[in-house]
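Asks: Mind having a look at this structure? Questions to follow.
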Amino acid sequence: MEMDKDIASPNRSTTAERPRRLSQTRHARILETLATQGEVSVMDIATTLAVSDMTVRRDLLELENEGKLIRIRGGAVLPDGGTVLAMDREEPSFVARLRQQHEAKSRIAAAAAAFFSGYRTIALDVGTTTFMLAELLMDRTHVKFFTNSVRIAHRMGSSAADVYLAGGHMRGDEMAMGGPTAVAQFEALWFDIAFIGVSGITATGLFDYSFEDADIKRVYLRRSGVKVVLCDASKFQHMSLVHLGTLKEIDVLITDAEPPPALALALEAAKVQVHIAPPLSDPS
């Protein structure tokens with residue numbers, strides 16, 4: 001009889017865990033819908049998840065107690081009342097972008113350099129923050145760096161770093177290599193980690209200005225074990241010409257400030273780790 005009890009205990013434990021897992025699944029779906037639409041209705045969620053209105057209302061109450069939404073009659077809204085998105089239509093020059101949010105980008109680059117430890121094949125995307133990161137990685141040895149940025153390759157070329165530059169067509173001011181040749185070269189590889197720059201990030205995903213740059217960024221998303229986006233807070237809730245992919249396609253976001261509620265909910269639903277870069281230490 002004692003043996004039967006021992007055997008039964010794991011089953012009872014598994015049974016007890018099931019409601020909690022189902023609750024977490026429902027909460028994730030509610031938050032994802034809320035992040036992308038700005039509001040949810042009890043009726044729609046109940047229908048989508050095939051549960052009762054009472055179950056959904058209980059879920060909304062739990063999420064409200066956690067500060068993740070505000071209940072209203074028939075549903076719930078975001079804590080800040082909604083989302084505000086901006087559309088960026090023109091890409092500033094590289095030099096102009098390097099000056100913009102310089103302190104924030106320096107913090108992000110430093111945090112990314114600390115995050116770097118232990119990887120041997122590293123993909124570095126084009127962009128100002130990735131360029132600043134590259135400058136911090138020049139002393140790393142026994143590591144292979146892969147990039148489509150001529151600027152990064154040239155900057156790291158004066159160090160002992162082992163650098164591989166994609167071939168193909170170079171895009172003007174950005175000095176970014178792209179096109180079918182570059183895509184084919186990097187598509188044949190597998191990177192331990194990729195550091196990716198974006199022009200904007202919203203609950204619907206990642207954005208960039210250039211079709212050619214976007215093609216290479218998608219290669220990094222497909223062919224990397226760990227996908228890290230470097231994005232300062234000025235790009236939150238900003239869209240541009242090309243939609244790169246969804247938040248579910250990345251693993252980590254390194255930034256300089258907490259994302260706004262709508263974006264924070266979407267990142268949580270997509271299981272993206274958010275790292276807030278600490279202030280830089282005072283050299284004096």
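If you're wondering about the labels, chains in the structure tokens are A, B, ... by order shown, residues count from 1 in each chain, ligands from 1 in order shown.
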As JSON, numbers by chain, please: all residues of region 28-197 of chain A that backbone DSSP puts in strand (DSSP E or B).

Replies: {"A": [39, 40, 41, 70, 71, 72, 75, 76, 77, 86, 87, 121, 122, 123, 124, 144, 145, 146, 147, 149, 162, 163, 164, 165, 169, 170, 171, 176, 177, 178, 191, 192, 193, 194, 195, 196, 197]}

Asks: Please, could you write that set of residues out with C-alpha atoms as a PDB file, in the first residue's frame?

Replies:
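What follows is the written file result22.pdb:
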ATOM      1  CA  GLU A  39      -8.051  46.578 -25.124  1.00  0.00           C
ATOM      2  CA  VAL A  40      -9.746  43.210 -24.684  1.00  0.00           C
ATOM      3  CA  SER A  41     -13.338  42.153 -24.149  1.00  0.00           C
ATOM      4  CA  ILE A  70      -7.244  48.157 -15.830  1.00  0.00           C
ATOM      5  CA  ARG A  71     -10.644  46.492 -15.849  1.00  0.00           C
ATOM      6  CA  ILE A  72     -13.524  48.307 -17.489  1.00  0.00           C
ATOM      7  CA  GLY A  75     -13.213  43.935 -20.564  1.00  0.00           C
ATOM      8  CA  ALA A  76      -9.907  45.685 -19.848  1.00  0.00           C
ATOM      9  CA  VAL A  77      -7.540  48.343 -21.204  1.00  0.00           C
ATOM     10  CA  ALA A  86       5.065  57.180 -34.557  1.00  0.00           C
ATOM     11  CA  MET A  87       6.018  56.539 -38.185  1.00  0.00           C
ATOM     12  CA  THR A 121      30.870  33.133 -33.298  1.00  0.00           C
ATOM     13  CA  ILE A 122      29.339  36.599 -33.142  1.00  0.00           C
ATOM     14  CA  ALA A 123      27.171  38.409 -35.691  1.00  0.00           C
ATOM     15  CA  LEU A 124      27.225  42.209 -35.553  1.00  0.00           C
ATOM     16  CA  LYS A 144      35.086  35.076 -34.916  1.00  0.00           C
ATOM     17  CA  PHE A 145      33.076  38.195 -35.781  1.00  0.00           C
ATOM     18  CA  PHE A 146      30.721  38.278 -38.763  1.00  0.00           C
ATOM     19  CA  THR A 147      29.232  41.547 -39.980  1.00  0.00           C
ATOM     20  CA  SER A 149      28.934  46.630 -41.797  1.00  0.00           C
ATOM     21  CA  ASP A 162      39.082  37.676 -36.530  1.00  0.00           C
ATOM     22  CA  VAL A 163      36.554  39.525 -38.728  1.00  0.00           C
ATOM     23  CA  TYR A 164      34.473  38.275 -41.679  1.00  0.00           C
ATOM     24  CA  LEU A 165      32.643  40.775 -43.911  1.00  0.00           C
ATOM     25  CA  HIS A 169      26.415  45.511 -52.834  1.00  0.00           C
ATOM     26  CA  MET A 170      27.332  48.308 -50.402  1.00  0.00           C
ATOM     27  CA  ARG A 171      24.532  50.675 -49.426  1.00  0.00           C
ATOM     28  CA  ALA A 176      26.124  48.193 -45.263  1.00  0.00           C
ATOM     29  CA  MET A 177      26.678  45.126 -47.417  1.00  0.00           C
ATOM     30  CA  GLY A 178      23.526  43.532 -48.753  1.00  0.00           C
ATOM     31  CA  PHE A 191      26.124  32.126 -35.176  1.00  0.00           C
ATOM     32  CA  ASP A 192      26.248  31.629 -31.413  1.00  0.00           C
ATOM     33  CA  ILE A 193      24.775  35.082 -30.867  1.00  0.00           C
ATOM     34  CA  ALA A 194      23.673  38.046 -32.984  1.00  0.00           C
ATOM     35  CA  PHE A 195      23.466  41.681 -31.924  1.00  0.00           C
ATOM     36  CA  ILE A 196      20.834  43.376 -34.070  1.00  0.00           C
ATOM     37  CA  GLY A 197      19.989  47.038 -34.532  1.00  0.00           C
TER      38      GLY A 197
END

Asks: Show me, as an MDAnalysis selection string, the residues that have an atom within 8 Å of region 202-214 of chain A when counting only C-alpha atoms, minus same-chain residues fewer than 3 positions from it.

Replies: chainID A and resid 35:36 85 89:91 126 176:179 198:199 217:218 236:247 262:263 266:267

Asks: Select, from A:Gly38, A:Leu31, A:Val143, A:Val51, the residue with the minimum atom-to-atom distance to Glu64 (chain A), counting only C-alpha atoms.

Replies: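 Of the candidates, the smallest distance to Glu64 (chain A) is held by A:Leu31.
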
Asks: Which residues are near Arg151 (chain A)? Cut-off 9 Å, only C-alpha atoms, ignore same chain within fewer than 2 positions. Put them as a PyMOL selection string.

Replies: chain A and resi 126+131+148-149+153-156+174-176

Asks: Taking the DSSP assignment computed from this structure's backbone, write out as a short mmCIF file (atom, residue, chain, number, x, y, z; two decimals) with N, CA and C atoms, in the first residue's frame all residues of region 8-246 of chain A that belong to alpha helix (DSSP H).

Replies:
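What landed in out04.cif:
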data_model
loop_
_atom_site.label_atom_id
_atom_site.label_comp_id
_atom_site.auth_asym_id
_atom_site.auth_seq_id
_atom_site.Cartn_x
_atom_site.Cartn_y
_atom_site.Cartn_z
N ALA A 8 1.31 7.34 -6.55
CA ALA A 8 0.20 8.25 -6.80
C ALA A 8 0.57 9.69 -6.55
N SER A 9 1.54 9.96 -5.70
CA SER A 9 1.87 11.34 -5.35
C SER A 9 2.23 12.20 -6.53
N PRO A 10 3.13 11.73 -7.45
CA PRO A 10 3.45 12.55 -8.61
C PRO A 10 2.24 12.87 -9.47
N ASN A 11 1.29 11.90 -9.56
CA ASN A 11 0.09 12.13 -10.35
C ASN A 11 -0.75 13.24 -9.75
N ARG A 12 -0.88 13.21 -8.40
CA ARG A 12 -1.65 14.26 -7.73
C ARG A 12 -0.98 15.61 -7.92
N SER A 13 0.35 15.63 -7.88
CA SER A 13 1.09 16.87 -8.07
C SER A 13 0.89 17.41 -9.47
N THR A 14 0.95 16.50 -10.47
CA THR A 14 0.77 16.90 -11.86
C THR A 14 -0.63 17.45 -12.07
N THR A 15 -1.61 16.81 -11.46
CA THR A 15 -3.00 17.26 -11.58
C THR A 15 -3.16 18.65 -10.97
N ALA A 16 -2.50 18.89 -9.87
CA ALA A 16 -2.60 20.19 -9.21
C ALA A 16 -1.93 21.30 -10.01
N GLU A 17 -0.89 20.92 -10.77
CA GLU A 17 -0.17 21.90 -11.56
C GLU A 17 -0.95 22.33 -12.80
N ARG A 18 -1.82 21.48 -13.29
CA ARG A 18 -2.48 21.74 -14.57
C ARG A 18 -3.30 23.03 -14.57
N PRO A 19 -4.15 23.29 -13.55
CA PRO A 19 -4.89 24.56 -13.56
C PRO A 19 -3.98 25.78 -13.59
N ARG A 20 -2.85 25.71 -12.89
CA ARG A 20 -1.94 26.85 -12.87
C ARG A 20 -1.34 27.09 -14.25
N ARG A 21 -0.97 26.00 -14.96
CA ARG A 21 -0.42 26.15 -16.30
C ARG A 21 -1.46 26.72 -17.26
N LEU A 22 -2.69 26.25 -17.15
CA LEU A 22 -3.77 26.76 -17.99
C LEU A 22 -4.00 28.24 -17.72
N SER A 23 -3.95 28.63 -16.45
CA SER A 23 -4.12 30.03 -16.08
C SER A 23 -3.02 30.89 -16.68
N GLN A 24 -1.78 30.41 -16.62
CA GLN A 24 -0.66 31.15 -17.20
C GLN A 24 -0.81 31.30 -18.70
N THR A 25 -1.30 30.25 -19.36
CA THR A 25 -1.53 30.30 -20.80
C THR A 25 -2.58 31.34 -21.15
N ARG A 26 -3.67 31.36 -20.38
CA ARG A 26 -4.72 32.36 -20.62
C ARG A 26 -4.19 33.76 -20.38
N HIS A 27 -3.43 33.94 -19.30
CA HIS A 27 -2.89 35.27 -19.00
C HIS A 27 -1.99 35.76 -20.14
N ALA A 28 -1.15 34.86 -20.67
CA ALA A 28 -0.26 35.25 -21.76
C ALA A 28 -1.05 35.67 -22.99
N ARG A 29 -2.13 34.94 -23.31
CA ARG A 29 -2.95 35.28 -24.47
C ARG A 29 -3.66 36.62 -24.26
N ILE A 30 -4.15 36.86 -23.05
CA ILE A 30 -4.82 38.13 -22.75
C ILE A 30 -3.85 39.29 -22.90
N LEU A 31 -2.65 39.13 -22.36
CA LEU A 31 -1.65 40.21 -22.43
C LEU A 31 -1.20 40.47 -23.86
N GLU A 32 -1.06 39.40 -24.64
CA GLU A 32 -0.65 39.56 -26.03
C GLU A 32 -1.72 40.31 -26.82
N THR A 33 -2.98 39.95 -26.62
CA THR A 33 -4.08 40.64 -27.30
C THR A 33 -4.17 42.09 -26.85
N LEU A 34 -4.01 42.31 -25.56
CA LEU A 34 -4.08 43.66 -25.01
C LEU A 34 -2.96 44.54 -25.57
N ALA A 35 -1.77 43.96 -25.69
CA ALA A 35 -0.63 44.74 -26.18
C ALA A 35 -0.80 45.15 -27.64
N THR A 36 -1.37 44.28 -28.45
CA THR A 36 -1.49 44.57 -29.88
C THR A 36 -2.75 45.38 -30.21
N GLN A 37 -3.81 45.25 -29.40
CA GLN A 37 -5.07 45.91 -29.71
C GLN A 37 -5.40 47.06 -28.78
N VAL A 42 -14.25 40.67 -22.50
CA VAL A 42 -14.48 39.39 -21.84
C VAL A 42 -15.07 38.39 -22.82
N MET A 43 -16.03 38.83 -23.61
CA MET A 43 -16.72 37.92 -24.54
C MET A 43 -15.76 37.36 -25.59
N ASP A 44 -14.91 38.24 -26.16
CA ASP A 44 -13.99 37.78 -27.20
C ASP A 44 -12.96 36.80 -26.65
N ILE A 45 -12.41 37.11 -25.48
CA ILE A 45 -11.42 36.22 -24.87
C ILE A 45 -12.05 34.88 -24.50
N ALA A 46 -13.24 34.91 -23.94
CA ALA A 46 -13.93 33.67 -23.56
C ALA A 46 -14.17 32.79 -24.78
N THR A 47 -14.59 33.42 -25.89
CA THR A 47 -14.84 32.67 -27.12
C THR A 47 -13.55 32.10 -27.70
N THR A 48 -12.50 32.94 -27.74
CA THR A 48 -11.22 32.51 -28.31
C THR A 48 -10.61 31.35 -27.53
N LEU A 49 -10.70 31.43 -26.19
CA LEU A 49 -10.05 30.42 -25.35
C LEU A 49 -11.00 29.30 -24.92
N ASP A 53 -17.16 33.17 -19.15
CA ASP A 53 -16.96 34.58 -18.84
C ASP A 53 -16.40 34.75 -17.43
N MET A 54 -16.86 33.93 -16.51
CA MET A 54 -16.42 34.03 -15.12
C MET A 54 -14.92 33.77 -15.02
N THR A 55 -14.43 32.78 -15.78
CA THR A 55 -12.99 32.47 -15.76
C THR A 55 -12.19 33.66 -16.27
N VAL A 56 -12.65 34.27 -17.36
CA VAL A 56 -11.94 35.42 -17.92
C VAL A 56 -11.95 36.59 -16.94
N ARG A 57 -13.09 36.83 -16.29
CA ARG A 57 -13.17 37.94 -15.33
C ARG A 57 -12.21 37.70 -14.16
N ARG A 58 -12.09 36.46 -13.74
CA ARG A 58 -11.14 36.14 -12.67
C ARG A 58 -9.70 36.38 -13.13
N ASP A 59 -9.42 36.01 -14.38
CA ASP A 59 -8.09 36.27 -14.93
C ASP A 59 -7.79 37.76 -14.98
N LEU A 60 -8.77 38.54 -15.42
CA LEU A 60 -8.58 39.99 -15.51
C LEU A 60 -8.35 40.61 -14.13
N LEU A 61 -9.05 40.10 -13.14
CA LEU A 61 -8.86 40.60 -11.78
C LEU A 61 -7.44 40.31 -11.29
N GLU A 62 -6.96 39.11 -11.56
CA GLU A 62 -5.60 38.75 -11.14
C GLU A 62 -4.56 39.63 -11.84
N LEU A 63 -4.75 39.86 -13.14
CA LEU A 63 -3.81 40.69 -13.88
C LEU A 63 -3.88 42.15 -13.45
N GLU A 64 -5.07 42.60 -13.09
CA GLU A 64 -5.19 43.98 -12.58
C GLU A 64 -4.47 44.12 -11.25
N ASN A 65 -4.58 43.12 -10.40
CA ASN A 65 -3.88 43.16 -9.11
C ASN A 65 -2.36 43.19 -9.29
N PHE A 94 24.24 58.29 -40.85
CA PHE A 94 24.92 57.54 -39.79
C PHE A 94 25.54 58.49 -38.77
N VAL A 95 26.19 59.55 -39.24
CA VAL A 95 26.83 60.50 -38.33
C VAL A 95 25.81 61.18 -37.44
N ALA A 96 24.67 61.55 -38.01
CA ALA A 96 23.62 62.19 -37.21
C ALA A 96 23.09 61.23 -36.16
N ARG A 97 22.88 59.98 -36.54
CA ARG A 97 22.37 58.99 -35.59
C ARG A 97 23.38 58.70 -34.50
N LEU A 98 24.67 58.75 -34.85
CA LEU A 98 25.71 58.48 -33.86
C LEU A 98 25.69 59.54 -32.75
N ARG A 99 25.30 60.76 -33.11
CA ARG A 99 25.21 61.83 -32.10
C ARG A 99 23.93 61.71 -31.28
N HIS A 102 23.45 59.54 -27.62
CA HIS A 102 24.79 58.95 -27.53
C HIS A 102 25.04 58.30 -26.18
N GLU A 103 24.62 58.97 -25.12
CA GLU A 103 24.85 58.42 -23.77
C GLU A 103 24.07 57.13 -23.58
N ALA A 104 22.83 57.11 -24.05
CA ALA A 104 22.01 55.90 -23.93
C ALA A 104 22.63 54.75 -24.73
N LYS A 105 23.10 55.04 -25.93
CA LYS A 105 23.70 54.00 -26.76
C LYS A 105 25.01 53.49 -26.15
N SER A 106 25.75 54.38 -25.50
CA SER A 106 26.99 53.96 -24.83
C SER A 106 26.66 52.98 -23.71
N ARG A 107 25.62 53.27 -22.96
CA ARG A 107 25.19 52.37 -21.88
C ARG A 107 24.78 51.01 -22.45
N ILE A 108 24.01 51.04 -23.52
CA ILE A 108 23.54 49.79 -24.12
C ILE A 108 24.71 48.97 -24.65
N ALA A 109 25.65 49.63 -25.31
CA ALA A 109 26.81 48.92 -25.85
C ALA A 109 27.63 48.29 -24.73
N ALA A 110 27.81 49.01 -23.62
CA ALA A 110 28.56 48.47 -22.49
C ALA A 110 27.86 47.26 -21.89
N ALA A 111 26.52 47.34 -21.78
CA ALA A 111 25.75 46.22 -21.24
C ALA A 111 25.83 45.02 -22.18
N ALA A 112 25.79 45.28 -23.48
CA ALA A 112 25.89 44.20 -24.46
C ALA A 112 27.26 43.54 -24.42
N ALA A 113 28.31 44.34 -24.22
CA ALA A 113 29.67 43.79 -24.13
C ALA A 113 29.80 42.87 -22.93
N ALA A 114 29.14 43.23 -21.83
CA ALA A 114 29.18 42.38 -20.64
C ALA A 114 28.37 41.10 -20.86
N PHE A 115 27.32 41.20 -21.67
CA PHE A 115 26.45 40.07 -21.98
C PHE A 115 27.13 39.08 -22.91
N THR A 128 24.47 52.25 -35.36
CA THR A 128 25.35 53.04 -34.50
C THR A 128 25.65 52.35 -33.18
N THR A 129 24.65 51.70 -32.58
CA THR A 129 24.90 51.04 -31.30
C THR A 129 25.76 49.81 -31.47
N THR A 130 25.55 49.07 -32.54
CA THR A 130 26.41 47.90 -32.80
C THR A 130 27.84 48.35 -33.12
N PHE A 131 27.99 49.51 -33.77
CA PHE A 131 29.32 50.05 -34.04
C PHE A 131 30.03 50.37 -32.72
N MET A 132 29.30 50.97 -31.79
CA MET A 132 29.88 51.29 -30.48
C MET A 132 30.22 50.01 -29.72
N LEU A 133 29.38 48.99 -29.88
CA LEU A 133 29.66 47.69 -29.26
C LEU A 133 30.94 47.10 -29.84
N ALA A 134 31.09 47.18 -31.16
CA ALA A 134 32.27 46.62 -31.81
C ALA A 134 33.56 47.22 -31.24
N GLU A 135 33.53 48.51 -30.96
CA GLU A 135 34.71 49.17 -30.39
C GLU A 135 35.08 48.59 -29.03
N LEU A 136 34.08 48.09 -28.30
CA LEU A 136 34.34 47.52 -26.98
C LEU A 136 34.80 46.07 -27.05
N VAL A 150 30.64 47.61 -43.23
CA VAL A 150 32.01 47.93 -43.62
C VAL A 150 32.69 48.75 -42.53
N ARG A 151 31.93 49.64 -41.90
CA ARG A 151 32.48 50.46 -40.81
C ARG A 151 33.00 49.58 -39.67
N ILE A 152 32.19 48.61 -39.27
CA ILE A 152 32.59 47.73 -38.17
C ILE A 152 33.81 46.91 -38.56
N ALA A 153 33.79 46.36 -39.77
CA ALA A 153 34.92 45.54 -40.23
C ALA A 153 36.19 46.37 -40.27
N HIS A 154 36.10 47.60 -40.77
CA HIS A 154 37.28 48.47 -40.85
C HIS A 154 37.77 48.83 -39.46
N ARG A 155 36.84 49.15 -38.57
CA ARG A 155 37.24 49.53 -37.20
C ARG A 155 37.90 48.36 -36.48
N MET A 156 37.34 47.17 -36.62
CA MET A 156 37.91 46.02 -35.93
C MET A 156 39.13 45.46 -36.64
N PRO A 180 21.65 39.58 -52.68
CA PRO A 180 21.60 38.11 -52.69
C PRO A 180 22.91 37.44 -52.28
N THR A 181 24.05 38.00 -52.68
CA THR A 181 25.33 37.38 -52.34
C THR A 181 25.56 37.40 -50.84
N ALA A 182 25.32 38.54 -50.21
CA ALA A 182 25.51 38.66 -48.77
C ALA A 182 24.57 37.73 -48.02
N VAL A 183 23.32 37.70 -48.45
CA VAL A 183 22.34 36.83 -47.80
C VAL A 183 22.75 35.37 -47.92
N ALA A 184 23.16 34.94 -49.11
CA ALA A 184 23.55 33.54 -49.32
C ALA A 184 24.76 33.16 -48.48
N GLN A 185 25.74 34.07 -48.38
CA GLN A 185 26.94 33.78 -47.59
C GLN A 185 26.60 33.55 -46.12
N PHE A 186 25.83 34.44 -45.54
CA PHE A 186 25.53 34.33 -44.11
C PHE A 186 24.43 33.31 -43.82
N GLU A 187 23.60 33.03 -44.81
CA GLU A 187 22.56 32.01 -44.61
C GLU A 187 23.18 30.63 -44.44
N PHE A 211 15.21 47.79 -47.17
CA PHE A 211 14.89 46.42 -47.57
C PHE A 211 16.14 45.54 -47.52
N GLU A 212 17.28 46.04 -48.05
CA GLU A 212 18.49 45.23 -48.11
C GLU A 212 19.01 44.91 -46.71
N ASP A 213 19.05 45.92 -45.84
CA ASP A 213 19.49 45.68 -44.46
C ASP A 213 18.55 44.71 -43.76
N ALA A 214 17.25 44.84 -44.06
CA ALA A 214 16.27 43.97 -43.42
C ALA A 214 16.49 42.51 -43.79
N ASP A 215 16.89 42.26 -45.04
CA ASP A 215 17.14 40.87 -45.46
C ASP A 215 18.24 40.23 -44.62
N ILE A 216 19.32 40.98 -44.36
CA ILE A 216 20.42 40.44 -43.55
C ILE A 216 19.99 40.30 -42.09
N LYS A 217 19.24 41.25 -41.59
CA LYS A 217 18.76 41.16 -40.20
C LYS A 217 17.92 39.89 -40.01
N ARG A 218 17.12 39.56 -41.02
CA ARG A 218 16.30 38.34 -40.92
C ARG A 218 17.18 37.10 -40.94
N VAL A 219 18.31 37.16 -41.66
CA VAL A 219 19.26 36.04 -41.62
C VAL A 219 19.78 35.88 -40.19
N TYR A 220 20.15 36.98 -39.55
CA TYR A 220 20.63 36.91 -38.17
C TYR A 220 19.56 36.30 -37.25
N LEU A 221 18.31 36.67 -37.49
CA LEU A 221 17.22 36.13 -36.66
C LEU A 221 17.06 34.62 -36.87
N ARG A 222 17.25 34.17 -38.11
CA ARG A 222 17.07 32.75 -38.43
C ARG A 222 18.27 31.91 -38.03
#

Asks: Report the distance between CA of Val228 (chain A) and CA of Leu137 (chain A) in Å, rounded to one decimal place.

Replies: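 For CA of Val228 (chain A) relative to CA of Leu137 (chain A), the distance reads 15.7 Å.
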